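The structure appears right after this line, and notes come after that.
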Amino acid sequence: MMEYFAVDGAHPLEGRVTIHGAKNSALPILAATLLADGESIIHNCPSLTDCAAALEILSCLGCRVKREGNTVVVNTTCRRGYTIPNKLMERMRASVLFLGALLAREGSAVACWPGGCALGARPIDLHIRAFQALGAQVRTWNGQLYLEGTHLRGRRLALPIPSVGATENAMLAACSAEGITVIDNPAREPEIVDLQGFLRRMGARISGAGTDQITVEGGYPLHPGEYTVMADRIVAATYLCAVAAASGEGELHGAEGSHLTPVLTALTAAGCEIASQADGLWIRRKGPLTGIGSICTGPYPAFPTDAQPLLVAALAGGEGKSRVTETIFDHRFRYIQGLARMGACIQVRGDTASIVGQPLQGACVEAVDLRGGAALAVAALGARGESRIFGLTHIERGYECLDRDLSALGGQISRKREND
Ligand code: EPZ
């Protein structure tokens with residue numbers, strides 16, 4: 001039976017929610033556990049299908065993994081092999097992060113070529129160029145990638161675009177490259193800083209994450225580490241946009257405002273009141289949600305592409321005009337077909353969506369990707385009447401329990417089966 005979220009919208013929210021750990025920080029950190037033999041302990045590791053896939057890869061590589069609530073213990077003592085199973089590589093694009101860790105630890109890595117996804121082609125040429133710059137041999141044959149590099153050497157490498165994944169893979173591989181590696185124009189996302197924090201706990205000599213240059217002094221043996229993953233800033237952005245869409249007020253425990261400046265700026269411009277509290281963020285929207293002119297996504301610290309669908313979903317049910325330009329992925333407006341079924345007036349031309357806010361009505365819609373699915377829930381909370389949101393497997397990749405959290409904020413949303 002198909003499961004869906006049933007949402008009864010257009011009721012002001014009132015509640016508080018705790019933000020779970022960041023998927024895009026936990027995934028590279030889980031890959032990094034391979035860099036040392038022994039037991040690493042990762043706290044605040046969110047219980048998501050993407051994290052389960054990462055743990056399955058570690059298990060396939062001989063590691064013993066166990067989850068105790070949101071603490072994950074990874075024991076790599078019995079690690080063996082360096083091949084990532086195709087079914088796991090294809091299930092989650094972030095599996096590509098295991099290439100750098102395996103190359104660093106084993107001197108080899110084999111995986112199928114990761115395919116594209118709903119967001120676009122998502123090539124890995126920059127990952128491969130980084131590995132080659134450090135001295136690895138990369139061959140492709142029959143859809144498989146073969147990395148070889150038992151004596152990686154530190155080098156200066158410049159990324160033509162600040163790719164998050166390529167930065168993370170370069171950091172992981174550089175940990176075993178003899179000498180100094182300098183990564184110019186790296187991604188500066190907070191998740192990169194979190195990965196550096198964990199690598200340092202493992203004894204890595206790494207600095208500069210979050211700036212325009214990361215330096216790694218590699219070639220030293222590492223040891224297991226214990227670390228607490230940061231709060232998920234995109235999950236926080238989701239819940240901020242939910243309050244913006246439905247009106248009312250909410251407290252987001254654990255949300256870090258400094259990770260979300262462009263999102264807070266946009267929501268404030270649209271008429272929300274937002275304040276940092278001792279342990280999170282507070283938001284209220286009493287008056288109309290107005291248009292915000294033009295915004296553009298970009299690499300951190302610009303407006304995050306992952307929050308783009310969430311903001312558009314809120315603005316669609318507001319008043320006034322806005323334009324949102326997506327510069328990171330070439331297919332990141334597909335969720336708009338779902339918003340259109342709710343009556344949204346959004347025109348997409350190339351990389352820009354032009355929004356004319358107006359009242360939305362509940363509809364039956366289907367998620368086509370992770371953040372697009374969350375955007376449908378955000379819009380449904382502000383729409384009059386009932387919505388049904390299918391395609392929950394997309395949403396479960398990045399939200400522990402979206403219906404639980406939005407209900408805690410006061411939203412009328414519940415998970416149902418079709419024959420209920
Ligand atoms: C990470 O993806 C995130 N995923 C994405 O979050 C996020 O949207 C993205 O960074 C941008 O912030 C994880 O961290 C697991 P990129 P990633 O490499 O690393 C191009 C979510 O919703 N590119 O920074 O794949 C690429 O096509 C997900 O949680 C190359 O051309 O993103 C894109 O246009 C969705 N060659 C741009 O760079 C490469 O080798 C940025 O991609 C790599 C990337």
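Chain identifiers are assigned as A, B, and so on, following the order in which chains appear in the structure tokens; residues are numbered from 1 within each chain, and ligands are numbered from 1 in order of appearance.
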
With the cut-off set at 7 Å and counting only C-alpha atoms and all ligand atoms, tabulate each residue of chain A with an atom at most that distance from an atom of ligand 1, showing the nearest atom pair and its distance in Å to one decimal, ordered by chain and increasing number, as a Markdown table.
| residue | atom | partner | partner_atom_place_in_ligand_line | distance |
| --- | --- | --- | --- | --- |
| A:Lys23 | CA | ligand 1 | 29 (O) | 6.8 |
| A:Asn24 | CA | ligand 1 | 14 (O) | 4.1 |
| A:Ser25 | CA | ligand 1 | 14 (O) | 6.9 |
| A:Leu27 | CA | ligand 1 | 15 (C) | 6.5 |
| A:Ala94 | CA | ligand 1 | 15 (C) | 4.7 |
| A:Ala121 | CA | ligand 1 | 27 (O) | 6.1 |
| A:Arg122 | CA | ligand 1 | 27 (O) | 3.9 |
| A:Pro123 | CA | ligand 1 | 36 (N) | 4.6 |
| A:Ile124 | CA | ligand 1 | 40 (O) | 3.1 |
| A:Asp125 | CA | ligand 1 | 40 (O) | 4.0 |
| A:Leu126 | CA | ligand 1 | 40 (O) | 3.5 |
| A:His127 | CA | ligand 1 | 40 (O) | 5.0 |
| A:Ile161 | CA | ligand 1 | 38 (O) | 6.4 |
| A:Pro162 | CA | ligand 1 | 24 (O) | 6.4 |
| A:Ser163 | CA | ligand 1 | 24 (O) | 3.5 |
| A:Val164 | CA | ligand 1 | 24 (O) | 3.8 |
| A:Gly165 | CA | ligand 1 | 19 (O) | 3.4 |
| A:Ala166 | CA | ligand 1 | 18 (O) | 5.9 |
| A:Pro299 | CA | ligand 1 | 12 (O) | 6.4 |
| A:Pro304 | CA | ligand 1 | 12 (O) | 6.4 |
| A:Thr305 | CA | ligand 1 | 8 (O) | 5.7 |
| A:Asp306 | CA | ligand 1 | 8 (O) | 5.1 |
| A:Ile328 | CA | ligand 1 | 34 (O) | 4.4 |
| A:Phe329 | CA | ligand 1 | 34 (O) | 4.6 |
| A:Leu370 | CA | ligand 1 | 22 (O) | 5.9 |
| A:Arg371 | CA | ligand 1 | 22 (O) | 5.7 |
| A:Gly398 | CA | ligand 1 | 29 (O) | 6.5 |

Could you write those residues out with N, CA and C atoms, as a short mmCIF file (atom, residue, chain, number, x, y, z; two decimals), in the first residue's frame?
data_model
loop_
_atom_site.label_atom_id
_atom_site.label_comp_id
_atom_site.auth_asym_id
_atom_site.auth_seq_id
_atom_site.Cartn_x
_atom_site.Cartn_y
_atom_site.Cartn_z
N LYS A 23 22.56 15.48 7.64
CA LYS A 23 22.84 14.38 6.70
C LYS A 23 24.16 14.64 5.97
N ASN A 24 24.33 15.88 5.47
CA ASN A 24 25.47 16.16 4.61
C ASN A 24 26.77 16.37 5.36
N SER A 25 26.67 16.24 6.71
CA SER A 25 27.87 16.19 7.53
C SER A 25 28.14 14.74 7.96
N LEU A 27 27.35 11.97 6.44
CA LEU A 27 27.78 11.07 5.36
C LEU A 27 29.29 11.11 5.13
N ALA A 94 25.91 10.13 -2.71
CA ALA A 94 26.97 10.51 -1.77
C ALA A 94 27.90 9.33 -1.49
N ALA A 121 22.89 16.15 -13.99
CA ALA A 121 23.94 15.17 -14.37
C ALA A 121 24.79 14.77 -13.18
N ARG A 122 25.20 15.69 -12.40
CA ARG A 122 26.03 15.51 -11.20
C ARG A 122 27.30 14.71 -11.51
N PRO A 123 28.15 15.27 -12.35
CA PRO A 123 29.42 14.61 -12.70
C PRO A 123 30.36 14.51 -11.51
N ILE A 124 31.43 13.73 -11.66
CA ILE A 124 32.44 13.63 -10.59
C ILE A 124 33.83 13.90 -11.14
N ASP A 125 33.90 14.64 -12.25
CA ASP A 125 35.19 14.93 -12.87
C ASP A 125 36.14 15.64 -11.91
N LEU A 126 35.60 16.50 -11.05
CA LEU A 126 36.48 17.25 -10.13
C LEU A 126 37.03 16.33 -9.03
N HIS A 127 36.22 15.33 -8.64
CA HIS A 127 36.71 14.35 -7.67
C HIS A 127 37.92 13.61 -8.27
N ILE A 161 35.43 24.89 -9.46
CA ILE A 161 34.20 25.31 -8.76
C ILE A 161 34.26 24.69 -7.37
N PRO A 162 33.76 25.39 -6.36
CA PRO A 162 33.85 24.89 -4.99
C PRO A 162 32.87 23.74 -4.73
N SER A 163 33.17 22.60 -5.35
CA SER A 163 32.32 21.42 -5.20
C SER A 163 32.42 20.86 -3.79
N VAL A 164 31.27 20.65 -3.14
CA VAL A 164 31.25 20.11 -1.77
C VAL A 164 31.86 18.71 -1.76
N GLY A 165 31.36 17.84 -2.62
CA GLY A 165 31.84 16.45 -2.61
C GLY A 165 33.28 16.33 -3.01
N ALA A 166 33.70 17.12 -4.02
CA ALA A 166 35.10 17.04 -4.46
C ALA A 166 36.02 17.55 -3.36
N PRO A 299 27.25 28.81 -4.07
CA PRO A 299 28.05 28.11 -3.07
C PRO A 299 28.06 28.90 -1.77
N PRO A 304 21.64 28.84 -0.03
CA PRO A 304 21.89 27.42 -0.34
C PRO A 304 20.90 26.84 -1.34
N THR A 305 21.38 26.15 -2.34
CA THR A 305 20.50 25.53 -3.32
C THR A 305 19.50 24.59 -2.65
N ASP A 306 19.90 23.93 -1.58
CA ASP A 306 18.99 22.96 -0.94
C ASP A 306 17.80 23.64 -0.29
N ILE A 328 23.18 26.19 -9.20
CA ILE A 328 23.99 25.02 -8.87
C ILE A 328 23.58 23.79 -9.67
N PHE A 329 22.31 23.48 -9.67
CA PHE A 329 21.85 22.29 -10.38
C PHE A 329 20.92 22.68 -11.53
N LEU A 370 14.32 14.90 -2.83
CA LEU A 370 14.31 15.11 -1.38
C LEU A 370 13.77 16.48 -0.98
N ARG A 371 14.43 17.54 -1.39
CA ARG A 371 14.02 18.87 -0.92
C ARG A 371 12.74 19.32 -1.63
N GLY A 398 16.30 12.52 3.81
CA GLY A 398 16.93 13.66 4.49
C GLY A 398 16.20 14.17 5.72
#

(request) Determine, counting only C-alpha atoms, which protein, DNA and RNA residues have an atom within 7 Å of an atom of Ala174 of chain A; residues of the same chain fewer than 2 positions away are not included. Present the result as a list in words. (result)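 In the requested form, the answer reads Gly154, Ala170, Met171, Leu172, Ser176, Ala177, Thr181, Val216 and Gly218 of chain A.
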
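For Ala269 of chain A, the residues within 12 Å (counting only C-alpha atoms, excluding itself and residues fewer than 3 positions away along the chain) are A:Ala244, A:Pro262, A:Val263, A:Leu264, A:Thr265, A:Ala266, A:Cys272, A:Glu273, A:Ile274, A:Arg285, A:Pro288, A:Leu289, A:Thr290, A:Gly291, A:Ile292, A:Gly293, A:Ser294, A:Ile295, A:Leu311, A:Leu315, A:Gly320, A:Ser322.
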
List as a tab-separated table every residue of segment 26-124 of chain A that is in contact with segment 188-202 of chain A, defined as an atom at most 9 Å from one of its atoms (using only C-alpha atoms), together with the nearest atom pair and the distance in Å rounded to one decimal, sorted by chain and then rising number.
residue	atom	partner	partner_atom	distance
A:Ala26	CA	A:Leu195	CA	8.3
A:Pro28	CA	A:Leu195	CA	6.7
A:Ile29	CA	A:Leu195	CA	5.7
A:Ala32	CA	A:Leu199	CA	7.3
A:Thr33	CA	A:Met202	CA	8.6
A:Leu35	CA	A:Met202	CA	8.5
A:Ala36	CA	A:Met202	CA	7.7
A:Ser40	CA	A:Met202	CA	8.9

(request) Report the distance between atom CA of Ala316 of chain A and atom CA of Phe333 of chain A in Å, rounded to one decimal place. (result)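 Between these atoms lies a distance of 13.1 Å.
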